[in-house]
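Q: There's a structure below that I have some questions on.
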Amino acid sequence: MTTAQQQVELVVRTIAETAVENEKYFGDLDAVVGDGDFGYSLARGFEKLLEGWDDLDRSDPGTFLKKTGMVITSRIGGTSGPLWGTAFMRAGMTAGADGELSGEQVVAMLRAAAEGIKARGQSDVGDKTLLDALVPLTDRLEQELQAGADGAAALAAAAETARQAAEATTEMVARRGRASYTGERSKGSVDAGAMAVAVITDRVSKAWETQGASS
Ligand SMILES: Nc1ncnc2c1ncn2[C@@H]1O[C@H](COP(=O)(O)OP(=O)(O)OP(=O)(O)O)[C@@H](O)[C@H]1O
Ligand SMILES: [Mg+2]
């Protein structure tokens, strides 16, 4: 049997491994109109998380996610540390101490993560940030689950939406982060954070298909 704790661990580990493996790609994306440190920041932070993996408190999904958020906040530099850290912490707070997680709860956790990023970053959908992938993918996940799709199918659909949404940031003008310093010039390239969310969701979807479904 796959428990919710094991499922959350699979997802967080997959996020961390994806961040480490894509250090150069995410950095190159950020270098177009930002300062290029995004890939490095994310990789170093998640590397630390993986190094201390065995010592993380895994009493329940909520506690585990909150601890993860604390490590991320303290280990990732720049803007992304507080943003990603807050996202994990808010997701953990929403998961609570319950050992079980429904699809509805997972959607609520992702919404809480997005709200945390908005509050922390003074940002919203349309500012050309990771929110422009995270919010549409959450909407799609919710729609698919409500329509009766199983977790794997809903995640695969959400990953597709995330990819399209990330690509659509190309047309946007950056209003937050370093990329915003370039104004109109930020048009024509994809947002690094949004693409990172798309790549991560794709990886999580594939990992879920092979290992995540509860039996
Ligand atoms: N205020 C914000 N709210 C939400 N997302 C943001 C915000 N600022 C930046 N981002 C996201 O973070 C990504 C860049 O991360 P990074 O850590 O490199 O931040 P930055 O803006 O370059 O600032 P710095 O390099 O000084 O830390 C962007 O592609 C965007 O998706
Ligand atoms: Mg940067």
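Ordering of the structure tokens sets the chain letters (A, B, ...), residue numbers begin anew at 1 in every chain, and ligands are numbered from 1 in the order given.
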Could you give me, as a VMD selection string, every polymer residue with an atom at most 6 Å away from an atom of ligand 1, counting only C-alpha atoms and all ligand atoms?
A: chain A and resid 34 to 35 37 to 38 78 to 80 117 121 to 123 129 to 130 176 to 178 191 to 194
Q: So that I can see what lies close to A:Ser59, please list as a PyMOL selection string the residues with an atom at most 10 Å from it, counting only C-alpha atoms and leaving out residues fewer than 4 positions away in the same chain.
A: chain A and resi 5+63-64+97-99
Q: Smallest atom-to-atom distance to ligand 2: which of A:Leu49, A:Val12, A:Ala31, A:Ala4, using only C-alpha atoms and all ligand atoms?
A: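 Looking only at the distances to ligand 2, the closest residue turns out to be A:Ala31.
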Q: As number ranges by chain, please: all residues of stretch 13-130 of chain A that backbone DSSP puts in alpha helix (DSSP H).
A: A: 13-21, 23-33, 38-51, 61-75, 80-95, 103-121
Q: Find the residues around A:Arg175 up to 12 Å (only C-alpha atoms counted), leave out those fewer than 6 positions away in its own chain, and share them as a PyMOL selection string.
A: chain A and resi 121-129+169+181-187+191
Q: Could you save the residues just selected, with all heavy atoms, as a short mmCIF file (atom, residue, chain, number, x, y, z; two decimals), in the first residue's frame?
A:
data_model
loop_
_atom_site.label_atom_id
_atom_site.label_comp_id
_atom_site.auth_asym_id
_atom_site.auth_seq_id
_atom_site.Cartn_x
_atom_site.Cartn_y
_atom_site.Cartn_z
N GLY A 121 5.51 37.49 -2.66
CA GLY A 121 6.14 38.15 -3.81
C GLY A 121 5.43 39.40 -4.29
O GLY A 121 5.86 40.03 -5.25
N GLN A 122 4.31 39.74 -3.61
CA GLN A 122 3.52 40.90 -4.06
C GLN A 122 3.20 40.75 -5.54
O GLN A 122 3.32 41.71 -6.31
CB GLN A 122 4.31 42.20 -3.85
CG GLN A 122 4.79 42.41 -2.43
CD GLN A 122 3.71 43.02 -1.57
OE1 GLN A 122 3.31 44.15 -1.76
NE2 GLN A 122 3.19 42.23 -0.63
N SER A 123 2.83 39.55 -5.92
CA SER A 123 2.66 39.25 -7.34
C SER A 123 1.33 38.55 -7.58
O SER A 123 0.67 38.12 -6.63
CB SER A 123 3.81 38.37 -7.81
OG SER A 123 4.03 37.32 -6.89
N ASP A 124 0.97 38.44 -8.83
CA ASP A 124 -0.28 37.77 -9.18
C ASP A 124 -0.15 37.15 -10.57
O ASP A 124 0.83 37.40 -11.28
CB ASP A 124 -1.43 38.79 -9.15
CG ASP A 124 -2.76 38.13 -8.76
OD1 ASP A 124 -2.91 36.90 -8.99
OD2 ASP A 124 -3.63 38.84 -8.25
N VAL A 125 -1.16 36.38 -10.94
CA VAL A 125 -1.20 35.81 -12.28
C VAL A 125 -1.13 36.96 -13.28
O VAL A 125 -1.75 38.01 -13.08
CB VAL A 125 -2.53 35.02 -12.45
CG1 VAL A 125 -2.73 34.59 -13.89
CG2 VAL A 125 -2.53 33.82 -11.53
N GLY A 126 -0.33 36.79 -14.35
CA GLY A 126 -0.19 37.84 -15.36
C GLY A 126 1.08 38.65 -15.22
O GLY A 126 1.39 39.46 -16.10
N ASP A 127 1.83 38.44 -14.12
CA ASP A 127 3.07 39.19 -13.90
C ASP A 127 4.28 38.51 -14.54
O ASP A 127 5.41 38.96 -14.37
CB ASP A 127 3.34 39.36 -12.40
CG ASP A 127 2.39 40.36 -11.75
OD1 ASP A 127 1.73 41.12 -12.48
OD2 ASP A 127 2.30 40.36 -10.51
N LYS A 128 4.06 37.40 -15.24
CA LYS A 128 5.14 36.64 -15.86
C LYS A 128 6.06 36.04 -14.80
O LYS A 128 7.25 36.32 -14.72
CB LYS A 128 5.95 37.52 -16.84
CG LYS A 128 6.94 36.70 -17.70
CD LYS A 128 7.48 37.52 -18.85
CE LYS A 128 8.49 36.73 -19.65
NZ LYS A 128 8.38 37.03 -21.08
N THR A 129 5.47 35.20 -13.96
CA THR A 129 6.25 34.49 -12.94
C THR A 129 5.79 33.03 -12.92
O THR A 129 4.91 32.64 -13.70
CB THR A 129 6.02 35.06 -11.52
OG1 THR A 129 4.69 34.71 -11.10
CG2 THR A 129 6.22 36.55 -11.47
N THR A 169 3.94 32.45 -21.40
CA THR A 169 4.56 33.61 -20.71
C THR A 169 5.47 34.38 -21.66
O THR A 169 5.83 35.52 -21.37
CB THR A 169 5.38 33.20 -19.46
OG1 THR A 169 6.48 32.37 -19.86
CG2 THR A 169 4.53 32.47 -18.43
N TYR A 181 13.10 44.50 -14.58
CA TYR A 181 13.98 45.67 -14.80
C TYR A 181 14.15 45.94 -16.30
O TYR A 181 14.50 47.04 -16.69
CB TYR A 181 15.37 45.49 -14.18
CG TYR A 181 15.39 45.22 -12.70
CD1 TYR A 181 16.59 44.86 -12.05
CD2 TYR A 181 14.24 45.32 -11.91
CE1 TYR A 181 16.63 44.62 -10.69
CE2 TYR A 181 14.28 45.06 -10.55
CZ TYR A 181 15.47 44.71 -9.95
OH TYR A 181 15.51 44.45 -8.60
N THR A 182 13.95 44.91 -17.10
CA THR A 182 14.17 45.08 -18.54
C THR A 182 12.90 45.56 -19.27
O THR A 182 12.94 45.79 -20.47
CB THR A 182 14.62 43.75 -19.21
OG1 THR A 182 13.57 42.80 -19.05
CG2 THR A 182 15.89 43.21 -18.59
N GLY A 183 11.80 45.66 -18.55
CA GLY A 183 10.56 46.18 -19.13
C GLY A 183 10.11 45.40 -20.35
O GLY A 183 10.08 44.17 -20.34
N GLU A 184 9.81 46.12 -21.43
CA GLU A 184 9.28 45.52 -22.67
C GLU A 184 10.21 44.46 -23.26
O GLU A 184 9.77 43.55 -23.95
CB GLU A 184 9.05 46.61 -23.73
CG GLU A 184 7.78 47.42 -23.52
CD GLU A 184 6.50 46.62 -23.81
OE1 GLU A 184 6.50 45.80 -24.74
OE2 GLU A 184 5.51 46.81 -23.07
N ARG A 185 11.50 44.58 -22.96
CA ARG A 185 12.47 43.62 -23.50
C ARG A 185 12.25 42.21 -22.96
O ARG A 185 12.76 41.23 -23.52
CB ARG A 185 13.90 44.07 -23.17
CG ARG A 185 14.54 44.93 -24.24
CD ARG A 185 16.06 44.74 -24.24
NE ARG A 185 16.65 45.08 -22.95
CZ ARG A 185 17.43 44.27 -22.25
NH1 ARG A 185 17.72 43.07 -22.70
NH2 ARG A 185 17.94 44.66 -21.09
N SER A 186 11.52 42.11 -21.85
CA SER A 186 11.27 40.78 -21.30
C SER A 186 10.29 40.00 -22.17
O SER A 186 10.14 38.79 -22.02
CB SER A 186 10.73 40.90 -19.87
OG SER A 186 9.49 41.58 -19.85
N LYS A 187 9.64 40.67 -23.08
CA LYS A 187 8.76 40.00 -24.04
C LYS A 187 9.62 39.19 -25.01
O LYS A 187 10.68 39.65 -25.40
CB LYS A 187 7.96 41.04 -24.83
CG LYS A 187 6.49 41.03 -24.53
CD LYS A 187 5.77 41.98 -25.47
CE LYS A 187 4.28 41.81 -25.34
NZ LYS A 187 3.57 42.83 -26.10
N ASP A 191 9.34 32.71 -19.18
CA ASP A 191 9.75 32.95 -17.80
C ASP A 191 10.38 31.69 -17.22
O ASP A 191 9.81 30.60 -17.31
CB ASP A 191 8.56 33.37 -16.93
CG ASP A 191 8.98 33.51 -15.48
OD1 ASP A 191 9.82 34.39 -15.19
OD2 ASP A 191 8.50 32.73 -14.64
#
Q: Could you tell me which of A:Glu160, A:Asp28, A:Glu21, A:Asp54 comes closest to ligand 2 if we count only C-alpha atoms and all ligand atoms?
A: A:Asp28
Q: With only C-alpha atoms as the atoms that count, which of A:Leu50, A:Leu56, A:Arg111, A:Gly116 lies nearest to A:Val135?
A: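 Selected residue with least distance to A:Val135: A:Arg111.
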Q: Quick one: residues within 9 Å of A:Lys206, only C-alpha atoms counted, chain neighbours fewer than 3 positions away excluded, as a PDB file with all heavy atoms, in the first residue's frame?
A:
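Output (part07.pdb):
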ATOM      1  N   ALA A 152      -3.313   9.808 -11.794  1.00  0.00           N
ATOM      2  CA  ALA A 152      -2.303   9.787 -12.860  1.00  0.00           C
ATOM      3  C   ALA A 152      -2.779  10.551 -14.097  1.00  0.00           C
ATOM      4  O   ALA A 152      -2.027  11.350 -14.674  1.00  0.00           O
ATOM      5  CB  ALA A 152      -1.958   8.343 -13.224  1.00  0.00           C
ATOM      6  N   LEU A 155      -2.972  14.320 -13.361  1.00  0.00           N
ATOM      7  CA  LEU A 155      -1.635  14.917 -13.322  1.00  0.00           C
ATOM      8  C   LEU A 155      -1.037  15.079 -14.712  1.00  0.00           C
ATOM      9  O   LEU A 155      -0.390  16.085 -15.012  1.00  0.00           O
ATOM     10  CB  LEU A 155      -0.701  14.042 -12.484  1.00  0.00           C
ATOM     11  CG  LEU A 155      -0.481  14.468 -11.042  1.00  0.00           C
ATOM     12  CD1 LEU A 155       0.321  13.398 -10.327  1.00  0.00           C
ATOM     13  CD2 LEU A 155       0.227  15.817 -10.951  1.00  0.00           C
ATOM     14  N   ALA A 156      -1.256  14.085 -15.555  1.00  0.00           N
ATOM     15  CA  ALA A 156      -0.742  14.173 -16.927  1.00  0.00           C
ATOM     16  C   ALA A 156      -1.376  15.353 -17.655  1.00  0.00           C
ATOM     17  O   ALA A 156      -0.696  16.109 -18.367  1.00  0.00           O
ATOM     18  CB  ALA A 156      -1.014  12.873 -17.668  1.00  0.00           C
ATOM     19  N   THR A 201       6.339  19.584 -13.065  1.00  0.00           N
ATOM     20  CA  THR A 201       5.037  18.908 -13.097  1.00  0.00           C
ATOM     21  C   THR A 201       5.068  17.705 -14.032  1.00  0.00           C
ATOM     22  O   THR A 201       4.505  16.647 -13.735  1.00  0.00           O
ATOM     23  CB  THR A 201       3.921  19.882 -13.537  1.00  0.00           C
ATOM     24  OG1 THR A 201       4.033  21.075 -12.757  1.00  0.00           O
ATOM     25  CG2 THR A 201       2.543  19.286 -13.314  1.00  0.00           C
ATOM     26  N   ASP A 202       5.773  17.849 -15.136  1.00  0.00           N
ATOM     27  CA  ASP A 202       5.918  16.741 -16.070  1.00  0.00           C
ATOM     28  C   ASP A 202       6.625  15.559 -15.404  1.00  0.00           C
ATOM     29  O   ASP A 202       6.204  14.408 -15.518  1.00  0.00           O
ATOM     30  CB  ASP A 202       6.701  17.229 -17.300  1.00  0.00           C
ATOM     31  CG  ASP A 202       6.775  16.148 -18.363  1.00  0.00           C
ATOM     32  OD1 ASP A 202       5.709  15.706 -18.812  1.00  0.00           O
ATOM     33  OD2 ASP A 202       7.894  15.730 -18.710  1.00  0.00           O
ATOM     34  N   ARG A 203       7.689  15.875 -14.666  1.00  0.00           N
ATOM     35  CA  ARG A 203       8.441  14.816 -13.989  1.00  0.00           C
ATOM     36  C   ARG A 203       7.628  14.159 -12.889  1.00  0.00           C
ATOM     37  O   ARG A 203       7.674  12.946 -12.688  1.00  0.00           O
ATOM     38  CB  ARG A 203       9.743  15.399 -13.424  1.00  0.00           C
ATOM     39  CG  ARG A 203      10.813  15.614 -14.488  1.00  0.00           C
ATOM     40  CD  ARG A 203      11.495  14.296 -14.851  1.00  0.00           C
ATOM     41  NE  ARG A 203      12.112  13.688 -13.676  1.00  0.00           N
ATOM     42  CZ  ARG A 203      13.358  13.960 -13.277  1.00  0.00           C
ATOM     43  NH1 ARG A 203      14.123  14.767 -13.967  1.00  0.00           N
ATOM     44  NH2 ARG A 203      13.841  13.387 -12.189  1.00  0.00           N
ATOM     45  N   GLU A 209       2.910   8.056 -12.305  1.00  0.00           N
ATOM     46  CA  GLU A 209       2.387   6.988 -13.136  1.00  0.00           C
ATOM     47  C   GLU A 209       3.061   5.655 -12.810  1.00  0.00           C
ATOM     48  O   GLU A 209       2.423   4.611 -12.809  1.00  0.00           O
ATOM     49  CB  GLU A 209       2.639   7.334 -14.601  1.00  0.00           C
ATOM     50  CG  GLU A 209       1.527   6.867 -15.506  1.00  0.00           C
ATOM     51  CD  GLU A 209       1.747   7.315 -16.927  1.00  0.00           C
ATOM     52  OE1 GLU A 209       1.850   8.535 -17.137  1.00  0.00           O
ATOM     53  OE2 GLU A 209       1.838   6.436 -17.789  1.00  0.00           O
ATOM     54  N   THR A 210       4.367   5.713 -12.519  1.00  0.00           N
ATOM     55  CA  THR A 210       5.076   4.462 -12.270  1.00  0.00           C
ATOM     56  C   THR A 210       5.083   4.058 -10.795  1.00  0.00           C
ATOM     57  O   THR A 210       5.075   2.884 -10.483  1.00  0.00           O
ATOM     58  CB  THR A 210       6.537   4.545 -12.762  1.00  0.00           C
ATOM     59  OG1 THR A 210       7.131   5.737 -12.234  1.00  0.00           O
ATOM     60  CG2 THR A 210       6.608   4.590 -14.262  1.00  0.00           C
ATOM     61  N   GLN A 211       5.080   5.061  -9.875  1.00  0.00           N
ATOM     62  CA  GLN A 211       5.258   4.686  -8.456  1.00  0.00           C
ATOM     63  C   GLN A 211       4.241   5.252  -7.490  1.00  0.00           C
ATOM     64  O   GLN A 211       4.205   4.834  -6.333  1.00  0.00           O
ATOM     65  CB  GLN A 211       6.624   5.195  -7.949  1.00  0.00           C
ATOM     66  CG  GLN A 211       7.805   4.813  -8.801  1.00  0.00           C
ATOM     67  CD  GLN A 211       8.988   5.702  -8.452  1.00  0.00           C
ATOM     68  OE1 GLN A 211       9.412   5.784  -7.314  1.00  0.00           O
ATOM     69  NE2 GLN A 211       9.529   6.407  -9.444  1.00  0.00           N
TER      70      GLN A 211
END
Q: Could you check how far atom CA of A:Gly39 sits from atom CA of A:Met109, in Å to one decimal?
A: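 Here the two named atoms are 24.7 Å from each other.
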Q: If we count only C-alpha atoms and set the cut-off at 10 Å, which residues sit around A:Glu9, ignoring sequence neighbours fewer than 3 positions away in its own chain? Please answer as a PDB file with all heavy atoms, in the first residue's frame.
A:
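Once everything was written out, this is around-v2.pdb:
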ATOM      1  N   THR A   3       1.082   4.976   1.139  1.00  0.00           N
ATOM      2  CA  THR A   3       0.431   5.929   2.033  1.00  0.00           C
ATOM      3  C   THR A   3       0.609   7.354   1.511  1.00  0.00           C
ATOM      4  O   THR A   3       1.455   7.616   0.648  1.00  0.00           O
ATOM      5  CB  THR A   3       1.053   5.867   3.437  1.00  0.00           C
ATOM      6  OG1 THR A   3       2.421   6.289   3.322  1.00  0.00           O
ATOM      7  CG2 THR A   3       1.030   4.462   4.001  1.00  0.00           C
ATOM      8  N   ALA A   4      -0.199   8.270   2.048  1.00  0.00           N
ATOM      9  CA  ALA A   4      -0.092   9.685   1.643  1.00  0.00           C
ATOM     10  C   ALA A   4       1.316  10.213   1.929  1.00  0.00           C
ATOM     11  O   ALA A   4       1.868  10.984   1.145  1.00  0.00           O
ATOM     12  CB  ALA A   4      -1.134  10.517   2.370  1.00  0.00           C
ATOM     13  N   GLN A   5       1.900   9.771   3.050  1.00  0.00           N
ATOM     14  CA  GLN A   5       3.257  10.230   3.384  1.00  0.00           C
ATOM     15  C   GLN A   5       4.248   9.798   2.297  1.00  0.00           C
ATOM     16  O   GLN A   5       5.075  10.587   1.842  1.00  0.00           O
ATOM     17  CB  GLN A   5       3.666   9.677   4.760  1.00  0.00           C
ATOM     18  CG  GLN A   5       5.105   9.986   5.172  1.00  0.00           C
ATOM     19  CD  GLN A   5       5.390  11.477   5.278  1.00  0.00           C
ATOM     20  OE1 GLN A   5       4.498  12.275   5.565  1.00  0.00           O
ATOM     21  NE2 GLN A   5       6.626  11.879   5.028  1.00  0.00           N
ATOM     22  N   GLN A   6       4.136   8.544   1.870  1.00  0.00           N
ATOM     23  CA  GLN A   6       5.031   8.056   0.814  1.00  0.00           C
ATOM     24  C   GLN A   6       4.804   8.817  -0.488  1.00  0.00           C
ATOM     25  O   GLN A   6       5.739   9.111  -1.223  1.00  0.00           O
ATOM     26  CB  GLN A   6       4.818   6.555   0.589  1.00  0.00           C
ATOM     27  CG  GLN A   6       5.391   5.709   1.710  1.00  0.00           C
ATOM     28  CD  GLN A   6       4.913   4.261   1.642  1.00  0.00           C
ATOM     29  OE1 GLN A   6       3.819   3.974   1.160  1.00  0.00           O
ATOM     30  NE2 GLN A   6       5.744   3.354   2.119  1.00  0.00           N
ATOM     31  N   VAL A  12       7.973  15.362  -3.458  1.00  0.00           N
ATOM     32  CA  VAL A  12       9.005  16.323  -3.045  1.00  0.00           C
ATOM     33  C   VAL A  12      10.373  15.884  -3.563  1.00  0.00           C
ATOM     34  O   VAL A  12      11.155  16.694  -4.054  1.00  0.00           O
ATOM     35  CB  VAL A  12       9.019  16.512  -1.508  1.00  0.00           C
ATOM     36  CG1 VAL A  12      10.191  17.390  -1.077  1.00  0.00           C
ATOM     37  CG2 VAL A  12       7.707  17.123  -1.036  1.00  0.00           C
ATOM     38  N   ARG A  13      10.646  14.582  -3.475  1.00  0.00           N
ATOM     39  CA  ARG A  13      11.931  14.087  -3.967  1.00  0.00           C
ATOM     40  C   ARG A  13      12.066  14.316  -5.473  1.00  0.00           C
ATOM     41  O   ARG A  13      13.136  14.699  -5.972  1.00  0.00           O
ATOM     42  CB  ARG A  13      12.079  12.592  -3.653  1.00  0.00           C
ATOM     43  CG  ARG A  13      13.421  12.036  -4.050  1.00  0.00           C
ATOM     44  CD  ARG A  13      13.505  10.547  -3.769  1.00  0.00           C
ATOM     45  NE  ARG A  13      13.987  10.253  -2.426  1.00  0.00           N
ATOM     46  CZ  ARG A  13      15.271  10.332  -2.066  1.00  0.00           C
ATOM     47  NH1 ARG A  13      16.186  10.723  -2.920  1.00  0.00           N
ATOM     48  NH2 ARG A  13      15.648  10.027  -0.855  1.00  0.00           N
ATOM     49  N   THR A  14      10.988  14.101  -6.185  1.00  0.00           N
ATOM     50  CA  THR A  14      11.010  14.314  -7.635  1.00  0.00           C
ATOM     51  C   THR A  14      11.241  15.794  -7.960  1.00  0.00           C
ATOM     52  O   THR A  14      12.009  16.125  -8.864  1.00  0.00           O
ATOM     53  CB  THR A  14       9.696  13.809  -8.275  1.00  0.00           C
ATOM     54  OG1 THR A  14       9.509  12.441  -7.914  1.00  0.00           O
ATOM     55  CG2 THR A  14       9.737  13.927  -9.784  1.00  0.00           C
ATOM     56  N   ILE A  15      10.593  16.685  -7.214  1.00  0.00           N
ATOM     57  CA  ILE A  15      10.808  18.126  -7.405  1.00  0.00           C
ATOM     58  C   ILE A  15      12.290  18.451  -7.179  1.00  0.00           C
ATOM     59  O   ILE A  15      12.929  19.135  -7.989  1.00  0.00           O
ATOM     60  CB  ILE A  15       9.933  18.967  -6.436  1.00  0.00           C
ATOM     61  CG1 ILE A  15       8.447  18.782  -6.758  1.00  0.00           C
ATOM     62  CG2 ILE A  15      10.327  20.443  -6.487  1.00  0.00           C
ATOM     63  CD1 ILE A  15       7.490  19.408  -5.730  1.00  0.00           C
ATOM     64  N   TRP A  53      17.880  14.473   3.759  1.00  0.00           N
ATOM     65  CA  TRP A  53      16.592  13.773   3.553  1.00  0.00           C
ATOM     66  C   TRP A  53      16.220  12.838   4.707  1.00  0.00           C
ATOM     67  O   TRP A  53      15.107  12.870   5.218  1.00  0.00           O
ATOM     68  CB  TRP A  53      16.668  13.001   2.233  1.00  0.00           C
ATOM     69  CG  TRP A  53      15.363  12.439   1.785  1.00  0.00           C
ATOM     70  CD1 TRP A  53      14.947  11.143   1.918  1.00  0.00           C
ATOM     71  CD2 TRP A  53      14.288  13.154   1.142  1.00  0.00           C
ATOM     72  NE1 TRP A  53      13.679  11.001   1.379  1.00  0.00           N
ATOM     73  CE2 TRP A  53      13.255  12.227   0.895  1.00  0.00           C
ATOM     74  CE3 TRP A  53      14.102  14.485   0.752  1.00  0.00           C
ATOM     75  CZ2 TRP A  53      12.059  12.567   0.274  1.00  0.00           C
ATOM     76  CZ3 TRP A  53      12.907  14.832   0.127  1.00  0.00           C
ATOM     77  CH2 TRP A  53      11.908  13.882  -0.094  1.00  0.00           C
ATOM     78  N   ARG A  58       9.130  13.013   9.290  1.00  0.00           N
ATOM     79  CA  ARG A  58       8.100  12.463   8.400  1.00  0.00           C
ATOM     80  C   ARG A  58       6.916  11.894   9.182  1.00  0.00           C
ATOM     81  O   ARG A  58       6.326  10.894   8.770  1.00  0.00           O
ATOM     82  CB  ARG A  58       8.683  11.447   7.420  1.00  0.00           C
ATOM     83  CG  ARG A  58       9.833  10.615   7.979  1.00  0.00           C
ATOM     84  CD  ARG A  58      10.352   9.597   6.999  1.00  0.00           C
ATOM     85  NE  ARG A  58      10.841  10.152   5.752  1.00  0.00           N
ATOM     86  CZ  ARG A  58      12.002  10.775   5.576  1.00  0.00           C
ATOM     87  NH1 ARG A  58      12.784  10.999   6.614  1.00  0.00           N
ATOM     88  NH2 ARG A  58      12.375  11.197   4.402  1.00  0.00           N
ATOM     89  N   PRO A  61       2.258  14.100   6.355  1.00  0.00           N
ATOM     90  CA  PRO A  61       2.558  14.939   5.192  1.00  0.00           C
ATOM     91  C   PRO A  61       2.685  16.427   5.534  1.00  0.00           C
ATOM     92  O   PRO A  61       3.549  17.115   5.001  1.00  0.00           O
ATOM     93  CB  PRO A  61       1.375  14.686   4.258  1.00  0.00           C
ATOM     94  CG  PRO A  61       0.905  13.315   4.602  1.00  0.00           C
ATOM     95  CD  PRO A  61       1.102  13.192   6.086  1.00  0.00           C
ATOM     96  N   PHE A  64       5.993  17.130   7.327  1.00  0.00           N
ATOM     97  CA  PHE A  64       7.074  16.920   6.361  1.00  0.00           C
ATOM     98  C   PHE A  64       7.202  18.113   5.405  1.00  0.00           C
ATOM     99  O   PHE A  64       8.293  18.622   5.145  1.00  0.00           O
ATOM    100  CB  PHE A  64       6.807  15.627   5.582  1.00  0.00           C
ATOM    101  CG  PHE A  64       7.839  15.310   4.553  1.00  0.00           C
ATOM    102  CD1 PHE A  64       9.083  14.819   4.926  1.00  0.00           C
ATOM    103  CD2 PHE A  64       7.581  15.509   3.210  1.00  0.00           C
ATOM    104  CE1 PHE A  64      10.044  14.532   3.969  1.00  0.00           C
ATOM    105  CE2 PHE A  64       8.539  15.229   2.246  1.00  0.00           C
ATOM    106  CZ  PHE A  64       9.776  14.739   2.636  1.00  0.00           C
ATOM    107  N   LEU A  65       6.071  18.593   4.900  1.00  0.00           N
ATOM    108  CA  LEU A  65       6.095  19.716   3.950  1.00  0.00           C
ATOM    109  C   LEU A  65       6.539  21.004   4.637  1.00  0.00           C
ATOM    110  O   LEU A  65       7.262  21.823   4.049  1.00  0.00           O
ATOM    111  CB  LEU A  65       4.715  19.895   3.308  1.00  0.00           C
ATOM    112  CG  LEU A  65       4.373  18.842   2.255  1.00  0.00           C
ATOM    113  CD1 LEU A  65       2.884  18.857   1.944  1.00  0.00           C
ATOM    114  CD2 LEU A  65       5.187  19.069   0.975  1.00  0.00           C
ATOM    115  N   GLY A 212       3.437   6.218  -7.930  1.00  0.00           N
ATOM    116  CA  GLY A 212       2.682   6.981  -6.942  1.00  0.00           C
ATOM    117  C   GLY A 212       1.301   6.483  -6.593  1.00  0.00           C
ATOM    118  O   GLY A 212       0.809   6.731  -5.488  1.00  0.00           O
TER     119      GLY A 212
END
Q: Between atom CA of A:Leu134 and atom CA of A:Gly52, what is the distance, to one decimal in Å?
A: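 Computed distance, atom CA of A:Leu134 to atom CA of A:Gly52, equals 26.7 Å.
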Q: With only C-alpha atoms as the counted atoms, please give the residues lying no more than 9 Å from A:Gly36, apart from itself and same-chain residues fewer than 6 positions off, as JSON, numbers by chain.
A: {"A": [26, 27, 28, 29, 30]}
Q: Which residue, A:Val8, A:Met89, A:Leu83, A:Ala112, has the smallest gap to A:Lys66 when you use only C-alpha atoms?
A: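 Once distances to A:Lys66 are computed over only C-alpha atoms, the minimum belongs to A:Met89.
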Q: So, counting only C-alpha atoms and all ligand atoms, which residue among A:Leu110, A:Ile72, A:Val190, A:Leu42 is closest to ligand 2?
A: A:Leu42
Q: What is the distance, in Å and to one decimal place, between atom CA of A:Ala149 and atom CA of A:Ala113?
A: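 Taking atom CA of A:Ala149 and atom CA of A:Ala113, their separation equals 22.9 Å.
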Q: Measuring atom to atom with only C-alpha atoms and all ligand atoms, identify which of A:Met195, A:Ala95, A:Met172, A:Ala179 is nearest to ligand 2.
A: A:Ala179
